[in-house]
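Dropping run17.cif in here (mmCIF, C-alpha atoms (C1' of nucleotides)):
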data_final
#
loop_
_atom_site.label_atom_id
_atom_site.label_comp_id
_atom_site.auth_asym_id
_atom_site.auth_seq_id
_atom_site.Cartn_x
_atom_site.Cartn_y
_atom_site.Cartn_z
CA MET W 15 -109.87 96.26 113.72
CA PRO W 16 -108.36 97.63 110.70
CA GLU W 17 -109.15 101.09 109.50
CA LEU W 18 -107.78 104.34 110.85
CA PRO W 19 -110.60 105.17 113.29
CA GLU W 20 -110.25 101.83 115.09
CA VAL W 21 -106.49 102.14 115.24
CA GLU W 22 -106.70 105.69 116.56
CA THR W 23 -109.17 104.48 119.20
CA ALA W 24 -106.71 101.73 120.11
CA ARG W 25 -103.95 104.34 120.36
CA LEU W 26 -106.00 106.36 122.82
CA LEU W 27 -106.64 103.24 124.86
CA ALA W 28 -102.95 102.33 124.87
CA GLN W 29 -102.05 105.87 125.80
CA ARG W 30 -104.42 105.82 128.74
CA VAL W 31 -103.33 102.43 130.02
CA ALA W 32 -99.62 102.43 129.27
CA THR W 33 -98.11 105.89 129.04
CA GLY W 34 -95.87 106.68 132.00
CA ARG W 35 -96.02 103.07 133.20
CA ARG W 36 -93.35 100.43 133.36
CA ILE W 37 -93.84 97.07 131.68
CA VAL W 38 -93.58 94.39 134.33
CA GLY W 39 -94.90 91.42 132.37
CA VAL W 40 -94.67 90.36 128.72
CA ARG W 41 -96.15 87.22 127.24
CA CYS W 42 -95.89 86.33 123.58
CA THR W 43 -97.78 83.50 121.96
CA PRO W 44 -95.28 81.74 119.73
CA ASP W 45 -96.41 82.70 116.24
CA PRO W 46 -93.71 83.14 113.60
CA ILE W 47 -96.22 84.65 111.20
CA VAL W 48 -97.62 87.43 113.36
CA PHE W 49 -94.28 88.10 115.04
CA GLU W 50 -92.54 88.10 111.67
CA ALA W 51 -89.69 85.90 112.72
CA VAL W 52 -88.91 87.69 115.98
CA PRO W 53 -88.45 84.95 118.59
CA PRO W 54 -90.65 85.41 121.69
CA ALA W 55 -87.60 85.56 123.94
CA ARG W 56 -86.12 88.42 121.95
CA PHE W 57 -89.39 90.28 121.96
CA GLU W 58 -89.92 89.83 125.67
CA GLU W 59 -86.38 90.94 126.40
CA ALA W 60 -86.89 94.14 124.41
CA LEU W 61 -90.00 95.09 126.39
CA ALA W 62 -89.53 93.79 129.90
CA GLY W 63 -88.76 96.50 132.44
CA ARG W 64 -89.18 99.34 129.94
CA ARG W 65 -91.17 102.49 130.63
CA VAL W 66 -93.72 103.59 128.02
CA THR W 67 -93.24 107.22 127.07
CA GLY W 68 -95.92 107.52 124.40
CA VAL W 69 -97.96 105.78 121.71
CA GLY W 70 -97.66 106.69 118.03
CA ARG W 71 -99.77 105.99 114.96
CA HIS W 72 -99.53 106.47 111.23
CA GLY W 73 -102.35 105.14 109.09
CA LYS W 74 -103.25 101.70 110.42
CA HIS W 75 -99.90 101.21 112.15
CA LEU W 76 -99.45 101.72 115.89
CA TRP W 77 -96.31 101.70 118.01
CA PHE W 78 -95.25 102.10 121.62
CA GLU W 79 -92.45 104.52 122.45
CA LEU W 80 -90.24 103.17 125.20
CA ASP W 81 -87.35 104.50 127.22
CA ARG W 82 -85.08 102.22 125.22
CA ARG W 83 -85.13 101.02 121.63
CA PRO W 84 -86.20 99.04 119.72
CA TRP W 85 -89.91 99.70 120.01
CA PRO W 86 -92.84 97.35 119.39
CA CYS W 87 -94.97 98.12 116.31
CA LEU W 88 -98.45 96.73 115.68
CA HIS W 89 -100.55 96.22 112.59
CA PHE W 90 -103.94 94.62 113.14
CA GLY W 91 -104.51 93.06 109.75
CA MET W 92 -108.14 92.20 109.08
CA ALA W 93 -109.18 90.89 112.45
CA GLY W 94 -106.75 92.07 115.11
CA GLY W 95 -107.48 94.29 118.07
CA LEU W 96 -106.17 95.89 121.24
CA HIS W 97 -107.92 95.10 124.48
CA ALA W 98 -107.86 96.12 128.12
CA PRO W 99 -109.66 94.28 130.94
CA GLY W 100 -113.17 95.58 131.35
CA ALA W 101 -112.82 98.19 128.63
CA ARG W 102 -115.60 98.22 126.12
CA ARG W 103 -114.28 96.39 123.13
CA VAL W 104 -114.02 98.25 119.91
CA LYS W 105 -116.27 96.05 117.90
CA LEU W 106 -115.67 95.22 114.32
CA ALA W 107 -118.50 96.53 112.26
CA SER W 108 -118.47 93.32 110.28
CA SER W 109 -118.96 91.09 113.31
CA ARG W 110 -121.63 93.08 115.02
CA ALA W 111 -123.23 92.13 118.27
CA ARG W 112 -120.99 89.17 118.86
CA ASP W 113 -118.45 89.57 121.57
CA ALA W 114 -116.94 86.17 122.17
CA GLY W 115 -117.42 86.60 125.89
CA ASP W 116 -115.35 88.54 128.39
CA ALA W 117 -112.47 86.12 128.70
CA TRP W 118 -109.17 87.63 129.75
CA PRO W 119 -106.88 87.63 127.98
CA PRO W 120 -109.21 87.39 124.98
CA ARG W 121 -109.21 84.54 122.48
CA PHE W 122 -106.41 84.68 119.93
CA THR W 123 -104.20 86.86 122.12
CA LYS W 124 -100.69 87.17 120.64
CA LEU W 125 -99.15 89.68 123.02
CA TRP W 126 -100.09 90.31 126.64
CA LEU W 127 -98.61 93.16 128.66
CA ARG W 128 -98.82 93.97 132.36
CA PHE W 129 -97.84 97.35 133.80
CA ASP W 130 -96.48 98.44 137.17
CA ASP W 131 -99.82 99.93 138.25
CA GLY W 132 -101.68 96.69 137.56
CA GLY W 133 -102.99 97.75 134.15
CA GLU W 134 -102.96 95.29 131.26
CA LEU W 135 -103.20 95.30 127.48
CA ALA W 136 -103.65 92.43 125.06
CA VAL W 137 -103.19 92.27 121.30
CA SER W 138 -105.37 89.67 119.58
CA ASP W 139 -105.49 88.48 115.99
CA ALA W 140 -107.73 85.60 115.02
CA ARG W 141 -106.85 85.62 111.37
CA ARG W 142 -103.11 86.08 111.68
CA LEU W 143 -102.89 88.67 108.95
CA GLY W 144 -101.66 91.24 111.47
CA ARG W 145 -98.00 91.84 112.29
CA ILE W 146 -96.02 92.62 115.43
CA ARG W 147 -92.53 93.96 114.78
CA LEU W 148 -89.57 95.58 116.50
CA ARG W 149 -88.13 98.78 115.03
CA ARG W 150 -85.52 101.23 116.24
CA ASP W 151 -87.26 104.16 114.56
CA PRO W 152 -90.70 103.03 113.34
CA ALA W 153 -91.65 106.11 111.33
CA ALA W 154 -88.34 106.09 109.47
CA GLU W 155 -88.27 102.38 108.58
CA PRO W 156 -90.46 100.16 106.42
CA PRO W 157 -93.29 99.50 106.34
CA ILE W 158 -94.33 102.78 107.97
CA SER W 159 -91.80 104.89 106.06
CA ARG W 160 -93.47 103.84 102.82
CA LEU W 161 -96.89 105.18 103.78
CA GLY W 162 -98.50 108.26 102.30
CA PHE W 163 -100.15 111.07 104.24
CA ASP W 164 -102.05 110.12 107.37
CA ALA W 165 -105.75 110.46 106.56
CA LEU W 166 -106.50 112.03 109.94
CA LEU W 167 -103.47 114.19 110.67
CA SER W 168 -101.95 115.30 107.41
CA VAL W 169 -104.29 115.44 104.43
CA PRO W 170 -102.52 117.71 101.91
CA PRO W 171 -103.92 121.13 101.04
CA LEU W 172 -106.37 121.12 98.14
CA ARG W 173 -103.94 122.20 95.46
CA GLN W 174 -101.49 119.48 96.33
CA PHE W 175 -104.26 116.91 96.74
CA LEU W 176 -105.47 117.63 93.20
CA ASP W 177 -101.93 117.21 91.88
CA LEU W 178 -101.69 113.81 93.50
CA LEU W 179 -104.93 112.75 91.82
CA LYS W 180 -103.69 113.88 88.43
CA ALA W 181 -100.61 111.73 88.76
CA ARG W 182 -102.60 108.50 89.00
CA GLY W 183 -104.52 106.53 86.41
CA ALA W 184 -105.91 103.85 88.71
CA PRO W 185 -109.62 103.72 89.56
CA VAL W 186 -110.14 106.25 92.32
CA LYS W 187 -111.36 103.46 94.62
CA GLY W 188 -108.03 101.70 94.19
CA LEU W 189 -106.11 104.89 94.83
CA LEU W 190 -107.96 105.50 98.08
CA LEU W 191 -107.04 101.99 99.20
CA ASP W 192 -103.36 102.51 98.32
CA GLN W 193 -101.60 103.08 101.65
CA SER W 194 -98.76 104.90 99.91
CA PHE W 195 -101.36 107.49 98.91
CA ALA W 196 -103.66 107.88 101.92
CA ALA W 197 -102.57 105.91 104.96
CA GLY W 198 -105.45 104.60 107.04
CA VAL W 199 -108.20 104.33 104.44
CA GLY W 200 -109.72 100.85 104.10
CA ASN W 201 -112.52 99.29 102.15
CA TRP W 202 -115.58 100.71 103.86
CA ILE W 203 -114.11 104.18 104.28
CA ALA W 204 -113.18 104.33 100.60
CA ASP W 205 -116.74 103.38 99.65
CA GLU W 206 -118.24 105.85 102.13
CA VAL W 207 -116.04 108.69 100.91
CA LEU W 208 -116.88 108.04 97.25
CA TYR W 209 -120.59 107.84 98.05
CA GLN W 210 -120.57 111.11 99.93
CA ALA W 211 -118.45 112.77 97.25
CA GLN W 212 -120.81 111.37 94.59
CA ILE W 213 -118.02 109.88 92.50
CA ALA W 214 -118.16 106.47 90.80
CA PRO W 215 -115.44 104.13 92.11
CA ARG W 216 -114.11 103.14 88.68
CA ARG W 217 -113.35 106.66 87.57
CA PRO W 218 -109.63 107.00 86.84
CA ALA W 219 -108.21 109.29 89.52
CA ARG W 220 -106.78 111.64 86.92
CA SER W 221 -110.17 112.05 85.24
CA LEU W 222 -111.69 113.85 88.22
CA SER W 223 -112.50 117.51 87.75
CA ALA W 224 -111.22 120.04 90.26
CA ALA W 225 -114.69 120.22 91.77
CA GLU W 226 -114.82 116.44 92.14
CA GLY W 227 -111.34 116.33 93.63
CA ARG W 228 -112.40 118.93 96.12
CA ARG W 229 -115.50 116.94 97.06
CA LEU W 230 -113.38 113.84 97.45
CA ARG W 231 -110.98 115.56 99.83
CA THR W 232 -113.81 117.11 101.84
CA ALA W 233 -115.60 113.77 102.18
CA LEU W 234 -112.38 112.03 103.20
CA VAL W 235 -111.68 114.54 105.94
CA ARG W 236 -115.26 114.45 107.17
CA VAL W 237 -115.70 110.68 107.22
CA ILE W 238 -112.44 110.10 109.07
CA ALA W 239 -113.01 112.91 111.56
CA THR W 240 -116.57 111.77 112.28
CA ALA W 241 -115.59 108.13 112.80
CA VAL W 242 -112.68 109.08 115.06
CA ALA W 243 -114.91 111.42 117.08
CA ALA W 244 -117.31 108.49 117.54
CA ARG W 245 -114.37 106.44 118.83
CA ALA W 246 -114.97 104.03 115.98
CA ASP W 247 -118.33 103.07 117.51
CA SER W 248 -120.29 102.39 114.34
CA ASP W 249 -123.60 102.72 116.15
CA ARG W 250 -122.77 106.39 116.44
CA TYR W 251 -122.06 106.96 112.76
CA PRO W 252 -124.71 109.10 111.03
CA ARG W 253 -127.71 107.08 109.90
CA SER W 254 -127.38 108.48 106.42
CA TRP W 255 -124.04 106.74 105.89
CA LEU W 256 -123.80 104.00 103.31
CA PHE W 257 -121.87 102.08 105.95
CA HIS W 258 -125.03 100.88 107.68
CA ARG W 259 -126.54 99.41 104.55
CA ARG W 260 -123.73 97.80 102.65
CA TRP W 261 -123.46 94.42 104.30
CA GLY W 262 -124.69 91.13 105.19
CA ARG W 263 -127.41 89.09 103.85
CA GLN W 264 -129.49 92.16 104.22
CA ARG W 265 -126.93 93.70 101.96
CA ASN W 266 -129.80 96.03 101.70
CA ALA W 267 -130.39 96.80 98.12
CA THR W 268 -130.99 100.46 98.95
CA THR W 269 -129.77 103.39 101.01
CA THR W 270 -131.99 105.18 103.51
CA ARG W 271 -133.02 107.38 100.62
CA GLY W 272 -134.10 104.45 98.52
CA GLU W 273 -131.15 104.47 96.17
CA LYS W 274 -130.02 101.10 94.81
CA ILE W 275 -126.70 99.81 96.10
CA ARG W 276 -124.51 97.83 93.75
CA HIS W 277 -121.70 95.44 94.71
CA GLU W 278 -118.81 94.67 92.43
CA ALA W 279 -115.11 93.89 92.60
CA ILE W 280 -112.84 96.85 92.02
CA ALA W 281 -109.11 96.86 92.66
CA GLY W 282 -109.35 93.46 94.29
CA ARG W 283 -112.01 94.35 96.87
CA THR W 284 -115.78 94.39 96.92
CA ALA W 285 -116.99 97.91 96.29
CA ALA W 286 -120.47 98.96 97.41
CA TRP W 287 -121.72 101.98 95.55
CA VAL W 288 -124.82 103.80 94.36
CA PRO W 289 -124.88 104.30 90.59
CA SER W 290 -127.78 106.74 90.69
CA VAL W 291 -125.77 109.09 92.90
CA GLN W 292 -122.15 108.43 91.98
CA ARG W 293 -121.02 109.62 88.57
"C1'" DC U 2 -118.95 72.65 102.40
"C1'" DT U 3 -118.02 76.99 100.37
"C1'" DC U 4 -117.14 81.67 100.42
"C1'" DA U 5 -116.63 86.40 101.76
"C1'" DG U 6 -114.10 89.44 104.64
"C1'" DT U 7 -112.50 97.27 108.20
"C1'" DG U 8 -105.40 94.00 104.62
"C1'" DT U 9 -100.84 93.73 102.72
"C1'" DT U 10 -97.48 91.77 99.70
"C1'" DC U 11 -95.50 90.02 95.73
"C1'" DA U 12 -95.26 88.00 91.12
"C1'" DG U 13 -96.74 89.04 86.61
"C1'" DT U 14 -98.15 92.22 82.87
"C1'" DG U 15 -98.03 96.11 79.81
"C1'" DT G 27 -88.63 101.46 86.21
"C1'" DC G 28 -93.41 102.38 87.00
"C1'" DA G 29 -98.29 101.73 87.62
"C1'" DC G 30 -101.47 98.51 88.22
"C1'" DT G 31 -103.85 93.84 88.84
"C1'" DG G 32 -104.84 89.52 90.87
"C1'" DA G 33 -103.54 85.75 93.65
"C1'" DA G 34 -101.76 84.28 97.97
"C1'" DC G 35 -101.77 84.43 102.78
"C1'" DA G 36 -104.79 82.44 107.21
"C1'" DC G 37 -108.78 81.65 109.54
"C1'" DT G 38 -113.51 82.55 111.33
"C1'" DG G 39 -118.32 82.85 110.85
"C1'" DA G 40 -122.27 82.82 107.92
#

Starting from the coordinates I provided, produce the structure as structure tokens.
Amino acid sequence: MPELPEVETARLLAQRVATGRRIVGVRCTPDPIVFEAVPPARFEEALAGRRVTGVGRHGKHLWFELDRRPWPCLHFGMAGGLHAPGARRVKLASSRARDAGDAWPPRFTKLWLRFDDGGELAVSDARRLGRIRLRRDPAAEPPISRLGFDALLSVPPLRQFLDLLKARGAPVKGLLLDQSFAAGVGNWIADEVLYQAQIAPRRPARSLSAAEGRRLRTALVRVIATAVAARADSDRYPRSWLFHRRWGRQRNATTTRGEKIRHEAIAGRTAAWVPSVQR
DNA sequence: CTCAGTGTTCAGTG
DNA sequence: TCACTGAACACTGA
């Protein structure tokens, strides 16, 4: 559940379930890839008996603040997620309508926590591209310290935003995907933002006019805020969004307004864009 | 069977 | 050194 809106929704869930509670049970699935070489015993020892004081997020990274360090940090990769029993699952837009049942803990669970009030949380990751780490000060250490501005909480003022664009020659689509520029933007958000800002994805970032840069910033803020307000429930995203029409076998060739959608690889990812609208 | 996919990292290039 | 690109990673579902 990768992009910022899903991670922010996971943060709110974690906050509700865990904040103020003590961890009374920790179970790690042995997985040296996802746990990045932290042995399960070490991880369990760091968490067991601790009280959760808060839940932080920057970009797509999430971490629990405990009454003793180090703290656990989560990145969900392409297919990871945070779950609570009975809670509506934040569905991946790309795997619509398929919920793999209501098993608890869910399939592919890597980390399973129980709290002193009976609450539970599980971290799953089918594809194993996610990471679970321990850090003494998450925001001050890699990989989080290397991130750029958080795309929900700290988008720079216009003047500064335009300066950042001028400093980069990469295709603007690639820049949006660069986490050291805007932390939290992923593939569909980048495409959505460029569509709404009416900018072609291959345009070098530094070639954007001030008016285009301004549109880009406005669209970024709006797309992120709207998706977060919808709690990352894609069914609640505006019908006019490119999002609803970019996928699948019905990779619909057109938007709701009848504009032709084109798919091509840019900066290593598939970009979906509308040449008749994006210049 | 093959391939794409809400990501990140690292080697290689200019 | 820097900016950028493309392959690798790992695995499911179409």

Near chain W, 12 Å: chain U residue rows, closest pairs, all atoms listed in the file, as a Markdown table:
| residue | atom | partner | partner_atom | distance |
| --- | --- | --- | --- | --- |
| U:DA5 | C1' | W:Thr284 | CA | 9.4 |
| U:DG6 | C1' | W:Met92 | CA | 7.9 |
| U:DT7 | C1' | W:Pro16 | CA | 4.8 |
| U:DG8 | C1' | W:Gly91 | CA | 5.3 |
| U:DT9 | C1' | W:Gly91 | CA | 8.0 |
| U:DT10 | C1' | W:Pro157 | CA | 11.0 |

What is the CA of Arg173 (chain W)-CA of Trp287 (chain W) distance in Å, reported with one decimal?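 Distance reported for this atom pair: 26.9 Å.
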
Identify, on the basis of only C-alpha atoms (C1' of nucleotides), every residue whose closest approach to Pro54 (chain W) does not exceed 9 Å; exclude the query and any residue fewer than 6 positions from it along the same chain; express the result as an NGL selection string. :W and (41-46)

Can you pull out the residues contacting region 33-36 of chain G? Cut-off 10 Å, using all atoms listed in the file, and skip same-chain residues under 2 positions away; I want them as a list of chain:residue names. W:Ile47, W:Ala140, W:Arg141, W:Arg142, W:Leu143, W:Gly282, U:DT9, U:DT10, U:DC11, U:DA12, G:DT31, G:DT38

Using only C-alpha atoms, find the one residue out of W:Arg228, W:Arg35, W:Arg160, W:Arg147 that sits nearest to Glu134 (chain W).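 Among the listed residues, the smallest separation from Glu134 (chain W) belongs to W:Arg35.
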
Would you mind listing, for every residue of chain G within 7 Å of chain W, the two atoms forming the shortest contact and the distance between them in Å to one decimal, using only C-alpha atoms (C1' of nucleotides), sorted by chain and ascending residue number, as a tab-separated table?
residue	atom	partner	partner_atom	distance
G:DC30	C1'	W:Ala184	CA	7.0
G:DG32	C1'	W:Gly282	CA	6.9
G:DA36	C1'	W:Arg141	CA	5.6
G:DC37	C1'	W:Arg141	CA	4.8

As a check of understanding: the span from CA of Arg220 (chain W) to CA of Asp164 (chain W) is 21.0 Å

Gap from CA of Leu125 (chain W) to CA of Arg25 (chain W) - Å, one decimal: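 Straight-line distance from CA of Leu125 (chain W) to CA of Arg25 (chain W) works out to 15.7 Å.
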
Can you translate the PyMOL selection byres ((chain W and resi 181) around 12) into the concrete residues it hits in this file, as an NGL selection string? (:W and (174-180 or 182-184 or 186 or 189 or 195 or 218-222)) or (:G and (28-29))

Ground truth for the PyMOL selection byres ((chain W and resi 288) around 7), written as a list in words: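 With the shown file as input, the PyMOL selection byres ((chain W and resi 288) around 7) matches Tyr209, Glu273, Lys274, Ile275, Arg276, Trp287, Pro289, Ser290, Val291 and Gln292 of chain W.
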
Assuming the input is short of atoms at region 75-98 of chain W, produce N, CA and C atoms for that part as a compact mmCIF listing (two decimals), keeping the file's coordinate frame.
# COMPACT_ATOMS: atom_id res chain seq x y z
N HIS W 75 -101.01 101.72 111.34
CA HIS W 75 -99.90 101.21 112.15
C HIS W 75 -99.83 101.95 113.49
N LEU W 76 -99.51 101.19 114.53
CA LEU W 76 -99.45 101.72 115.89
C LEU W 76 -98.12 101.29 116.51
N TRP W 77 -97.52 102.16 117.32
CA TRP W 77 -96.31 101.70 118.01
C TRP W 77 -96.20 102.33 119.39
N PHE W 78 -95.51 101.62 120.27
CA PHE W 78 -95.25 102.10 121.62
C PHE W 78 -93.87 102.73 121.65
N GLU W 79 -93.75 103.89 122.25
CA GLU W 79 -92.45 104.52 122.45
C GLU W 79 -91.97 104.19 123.85
N LEU W 80 -90.78 103.63 123.92
CA LEU W 80 -90.24 103.17 125.20
C LEU W 80 -89.01 103.98 125.58
N ASP W 81 -88.54 103.78 126.79
CA ASP W 81 -87.35 104.50 127.22
C ASP W 81 -86.07 103.87 126.68
N ARG W 82 -86.23 102.81 125.90
CA ARG W 82 -85.08 102.22 125.22
C ARG W 82 -85.55 101.54 123.95
N ARG W 83 -84.77 101.64 122.90
CA ARG W 83 -85.13 101.02 121.63
C ARG W 83 -84.57 99.61 121.57
N PRO W 84 -85.14 98.78 120.69
CA PRO W 84 -86.20 99.04 119.72
C PRO W 84 -87.59 99.10 120.35
N TRP W 85 -88.54 99.55 119.55
CA TRP W 85 -89.91 99.70 120.01
C TRP W 85 -90.84 98.70 119.31
N PRO W 86 -91.89 98.28 120.00
CA PRO W 86 -92.84 97.35 119.39
C PRO W 86 -93.83 98.09 118.49
N CYS W 87 -94.06 97.52 117.29
CA CYS W 87 -94.97 98.12 116.31
C CYS W 87 -96.08 97.11 115.99
N LEU W 88 -97.30 97.61 115.91
CA LEU W 88 -98.45 96.73 115.68
C LEU W 88 -99.19 97.08 114.39
N HIS W 89 -99.58 96.03 113.67
CA HIS W 89 -100.55 96.22 112.59
C HIS W 89 -101.60 95.16 112.80
N PHE W 90 -102.87 95.54 112.74
CA PHE W 90 -103.94 94.62 113.14
C PHE W 90 -104.51 93.77 112.03
N GLY W 91 -104.00 93.90 110.82
CA GLY W 91 -104.51 93.06 109.75
C GLY W 91 -106.01 93.23 109.57
N MET W 92 -106.70 92.15 109.30
CA MET W 92 -108.14 92.20 109.08
C MET W 92 -108.94 92.01 110.36
N ALA W 93 -108.36 91.33 111.32
CA ALA W 93 -109.18 90.89 112.45
C ALA W 93 -108.49 91.07 113.80
N GLY W 94 -107.45 91.89 113.85
CA GLY W 94 -106.75 92.07 115.11
C GLY W 94 -107.37 93.17 115.95
N GLY W 95 -106.96 93.24 117.21
CA GLY W 95 -107.48 94.29 118.07
C GLY W 95 -106.65 94.47 119.33
N LEU W 96 -106.82 95.61 119.97
CA LEU W 96 -106.17 95.89 121.24
C LEU W 96 -107.23 95.90 122.33
N HIS W 97 -106.93 95.24 123.43
CA HIS W 97 -107.92 95.10 124.48
C HIS W 97 -107.35 95.44 125.85
N ALA W 98 -108.22 95.93 126.72
CA ALA W 98 -107.86 96.12 128.12
C ALA W 98 -108.96 95.48 128.94
